[in-house]
Amino acid sequence: MAVDLNEPFPVIPDHIDMVFDLAGALSNSALSISTAIAQSDWVIIPIYDEYKSILA
């Protein structure tokens, strides 16, 4: 399921396990990202194992 950044993610029932792939995007103004995170039990943020990435 593809959702535009400015579109809210549909509400997924609690009995369905879902993985949201944010496609490398991270924005506090993207409605799709904030609504996906709001439904999530866990959030994994991959980073490069480099000093500047860890500081970010």
# chains A, B, ... in the order shown; residues from 1 in each chain; ligands from 1

call {"tool": "residues_around", "arguments": {"residues": "A:Gln39", "least_positions_apart": "3", "cutoff": "8 Å", "atoms": "only C-alpha atoms", "output": "list in words"}}
result
Val11, Ile12, Thr35 and Ala36 of chain A

call {"tool": "atom_distance", "arguments": {"atom1": "atom CA of A:Leu31", "atom2": "atom CA of A:Phe9"}}
result
7.6 Å

call {"tool": "atom_distance", "arguments": {"atom1": "atom CA of A:Asp14", "atom2": "atom CA of A:Ser27"}}
result
24.8 Å

call {"tool": "residues_around", "arguments": {"residues": "A:Trp42", "least_positions_apart": "3", "cutoff": "12 Å", "atoms": "only C-alpha atoms", "output": "ChimeraX atom specification"}}
result
/A:17-20,36-39,45

call {"tool": "atom_distance", "arguments": {"atom1": "atom CA of A:Asp4", "atom2": "atom CA of A:Ser29"}}
result
12.4 Å
